[in-house]
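One file, work.pdb, carrying PDB, C-alpha atoms:
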```pdb
ATOM      1  CA  MET A   1     -10.506  -5.274  23.777
ATOM      2  CA  ASP A   2     -12.898  -5.386  20.796
ATOM      3  CA  MET A   3     -11.904  -1.840  19.879
ATOM      4  CA  GLU A   4      -8.226  -2.873  19.785
ATOM      5  CA  LYS A   5      -9.069  -5.877  17.599
ATOM      6  CA  ASP A   6     -11.073  -3.666  15.255
ATOM      7  CA  TYR A   7      -8.205  -1.182  15.060
ATOM      8  CA  ASN A   8      -5.669  -3.928  14.339
ATOM      9  CA  LEU A   9      -7.908  -5.313  11.622
ATOM     10  CA  MET A  10      -8.344  -1.904   9.972
ATOM     11  CA  VAL A  11      -4.586  -1.267  10.036
ATOM     12  CA  GLY A  12      -3.974  -4.748   8.661
ATOM     13  CA  LEU A  13      -6.416  -4.194   5.823
ATOM     14  CA  ARG A  14      -4.716  -0.918   4.939
ATOM     15  CA  ILE A  15      -1.287  -2.609   4.931
ATOM     16  CA  ARG A  16      -2.672  -5.321   2.675
ATOM     17  CA  GLU A  17      -4.183  -2.685   0.350
ATOM     18  CA  ILE A  18      -0.798  -0.965   0.106
ATOM     19  CA  ARG A  19       0.982  -4.248  -0.593
ATOM     20  CA  GLU A  20      -1.521  -5.333  -3.235
ATOM     21  CA  SER A  21      -1.517  -1.928  -4.924
ATOM     22  CA  MET A  22       2.249  -2.321  -5.256
ATOM     23  CA  ARG A  23       1.633  -5.778  -6.744
ATOM     24  CA  LEU A  24       3.923  -7.445  -4.232
ATOM     25  CA  SER A  25       3.559 -10.834  -2.609
ATOM     26  CA  ARG A  26       3.739 -11.001   1.175
ATOM     27  CA  GLU A  27       7.242 -12.382   0.859
ATOM     28  CA  LYS A  28       8.470  -9.564  -1.410
ATOM     29  CA  PHE A  29       6.738  -6.852   0.636
ATOM     30  CA  SER A  30       8.064  -8.185   3.946
ATOM     31  CA  GLU A  31      11.564  -8.446   2.471
ATOM     32  CA  LYS A  32      11.326  -4.845   1.215
ATOM     33  CA  CYS A  33      10.199  -3.681   4.676
ATOM     34  CA  ASP A  34      12.618  -5.886   6.631
ATOM     35  CA  ILE A  35       9.907  -7.760   8.540
ATOM     36  CA  SER A  36       9.017 -11.445   8.526
ATOM     37  CA  SER A  37       6.327 -12.661   6.139
ATOM     38  CA  SER A  38       4.576 -14.581   8.942
ATOM     39  CA  PHE A  39       4.404 -11.383  11.026
ATOM     40  CA  LEU A  40       3.059  -9.501   8.001
ATOM     41  CA  ALA A  41       0.379 -12.161   7.516
ATOM     42  CA  ASP A  42      -0.667 -11.788  11.167
ATOM     43  CA  VAL A  43      -0.761  -7.987  10.839
ATOM     44  CA  GLU A  44      -2.872  -8.167   7.671
ATOM     45  CA  ARG A  45      -5.336 -10.457   9.466
ATOM     46  CA  GLY A  46      -5.500  -8.116  12.466
ATOM     47  CA  LYS A  47      -3.949 -10.673  14.803
ATOM     48  CA  LYS A  48      -0.915  -8.544  15.634
ATOM     49  CA  SER A  49      -0.343  -4.821  15.974
ATOM     50  CA  LEU A  50       2.479  -2.707  14.592
ATOM     51  CA  THR A  51       5.067  -0.896  16.651
ATOM     52  CA  SER A  52       6.140   2.597  15.684
ATOM     53  CA  LYS A  53       9.443   1.108  14.506
ATOM     54  CA  THR A  54       7.646  -1.277  12.129
ATOM     55  CA  ILE A  55       5.394   1.504  10.831
ATOM     56  CA  TYR A  56       8.534   3.527  10.166
ATOM     57  CA  LYS A  57      10.117   0.613   8.280
ATOM     58  CA  ILE A  58       7.038   0.181   6.095
ATOM     59  CA  CYS A  59       6.619   3.898   5.390
ATOM     60  CA  SER A  60      10.264   4.578   4.629
ATOM     61  CA  SER A  61      10.812   1.504   2.466
ATOM     62  CA  CYS A  62       7.579   2.025   0.488
ATOM     63  CA  ASN A  63       7.723   5.842   0.392
ATOM     64  CA  ILE A  64       4.254   6.262   1.900
ATOM     65  CA  SER A  65       2.733   8.347   4.668
ATOM     66  CA  ALA A  66       1.973   6.891   8.089
ATOM     67  CA  ASP A  67      -1.305   8.863   8.098
ATOM     68  CA  TYR A  68      -2.986   6.263   5.941
ATOM     69  CA  ILE A  69      -1.711   3.261   7.896
ATOM     70  CA  VAL A  70      -2.537   4.674  11.322
ATOM     71  CA  LEU A  71      -5.547   6.907  10.701
ATOM     72  CA  GLY A  72      -6.917   5.876   7.332
ATOM     73  CA  HIS A  73      -6.342   9.341   5.840
ATOM     74  CA  ARG A  74      -5.644   9.091   2.153
ATOM     75  CA  GLU A  75      -3.815  12.389   1.670
ATOM     76  CA  GLY A  76      -0.484  11.543   0.094
ATOM     77  CA  PHE A  77      -1.223   7.819  -0.023
ATOM     78  CA  ASP A  78      -2.780   7.587  -3.480
ATOM     79  CA  LYS A  79      -0.106   9.791  -5.006
ATOM     80  CA  ASP A  80       2.767   7.830  -3.459
ATOM     81  CA  VAL A  81       1.348   4.449  -4.372
ATOM     82  CA  GLY A  82       0.448   5.713  -7.835
ATOM     83  CA  ILE A  83       4.031   6.793  -8.431
ATOM     84  CA  GLU A  84       5.316   3.446  -7.158
ATOM     85  CA  ILE A  85       2.966   1.588  -9.510
ATOM     86  CA  LEU A  86       3.853   3.805 -12.490
ATOM     87  CA  ASN A  87       7.547   3.220 -11.866
ATOM     88  CA  SER A  88       6.978  -0.525 -12.125
ATOM     89  CA  PHE A  89       5.374  -0.342 -15.606
ATOM     90  CA  ASN A  90       7.231  -1.166 -18.790
ATOM     91  CA  GLU A  91       7.056   1.071 -21.872
ATOM     92  CA  GLU A  92       4.020  -0.687 -23.385
ATOM     93  CA  GLN A  93       2.079  -0.472 -20.123
ATOM     94  CA  MET A  94       2.925   3.236 -19.825
ATOM     95  CA  GLU A  95       1.508   3.832 -23.306
ATOM     96  CA  HIS A  96      -1.781   2.287 -22.150
ATOM     97  CA  VAL A  97      -1.792   4.396 -18.990
ATOM     98  CA  ILE A  98      -1.242   7.575 -21.006
ATOM     99  CA  THR A  99      -4.084   6.634 -23.360
ATOM    100  CA  ILE A 100      -6.394   6.061 -20.388
ATOM    101  CA  LEU A 101      -5.384   9.398 -18.837
ATOM    102  CA  TYR A 102      -6.128  11.252 -22.075
ATOM    103  CA  GLU A 103      -9.562   9.604 -22.216
ATOM    104  CA  LEU A 104     -10.269  10.528 -18.589
ATOM    105  CA  ARG A 105      -9.280  14.097 -19.311
ATOM    106  CA  LYS A 106     -11.748  14.194 -22.227
ATOM    107  CA  LEU A 107     -14.543  12.905 -19.977
ATOM    108  CA  SER A 108     -13.883  15.527 -17.323
ATOM    109  CA  SER A 109     -13.821  18.452 -19.787
TER     110      SER A 109
END
```
Can the structure from this file be put into structure tokens for me?
Amino acid sequence: MDMEKDYNLMVGLRIREIRESMRLSREKFSEKCDISSSFLADVERGKKSLTSKTIYKICSSCNISADYIVLGHREGFDKDVGIEILNSFNEEQMEHVITILYELRKLSS
């Protein structure tokens, strides 16, 4: 039973990380994923587990891989979330991002 609780908590933390990286409130995220905000709160706290149908809803509506939610593997996750975040920026914010990327490139050369 403790292992199941630990698993639910880890999945919940990953869902919360995804939601926060998208800069969405629980209400907005749950609306986007077609789930209730109270259920989402319980999932994020590890009190409830996700069905495969709910994982599908979250992944398809947020354009992310289930690998990160279920297994914690980050392949594809950072890229997908990064694109989602970039798409939400206005022109001024994008100028700042580009400046930061140029500076990072200089540091890695």
Practice problem: For the structure shown, which residues end up in the PyMOL selection byres ((chain A and resi 31-47) around 8)? Put them as a list in words, please? | Solution: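 So the PyMOL selection byres ((chain A and resi 31-47) around 8) ends up selecting Lys5, Asp6, Tyr7, Asn8, Leu9, Met10, Val11, Gly12, Leu13, Arg14, Ile15, Arg16, Arg26, Glu27, Lys28, Phe29, Ser30, Lys48, Ser49, Leu50, Thr54, Lys57, Ile58, Ser61 and Cys62 of chain A.
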Practice problem: Find the distance between CA of Asn63 in chain A and CA of Leu86 in chain A and write it in Å to one decimal. | Solution: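 One can read the CA of Asn63 in chain A to CA of Leu86 in chain A distance as 13.6 Å.
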Self-check item: Atom-to-atom span, CA of Ser52 in chain A and CA of His73 in chain A, Å
Solution: 17.3 Å
Quiz item: At what distance in Å, to one decimal, does CA of Cys59 in chain A lie from CA of Gly82 in chain A?
Solution: 14.7 Å
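The residue that comes closest to Asn87 in chain A, out of A:Ala66, A:Met22, A:Ile100, A:Met3 and on the basis of all atoms listed in the file, is A:Met22.
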Quiz item: Looking at all atoms listed in the file, which of A:Glu84, A:Leu107, A:Gly72, A:Thr99 is the one that sits closest to Arg19 in chain A?
Solution: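 Nearest candidate to Arg19 in chain A out of A:Glu84, A:Leu107, A:Gly72, A:Thr99: A:Glu84.
With only C-alpha atoms as the basis for measurement, A:Ser21 is the residue among A:Leu71, A:Ser108, A:Ser21, A:Ser60 that approaches Ile83 in chain A most closely.
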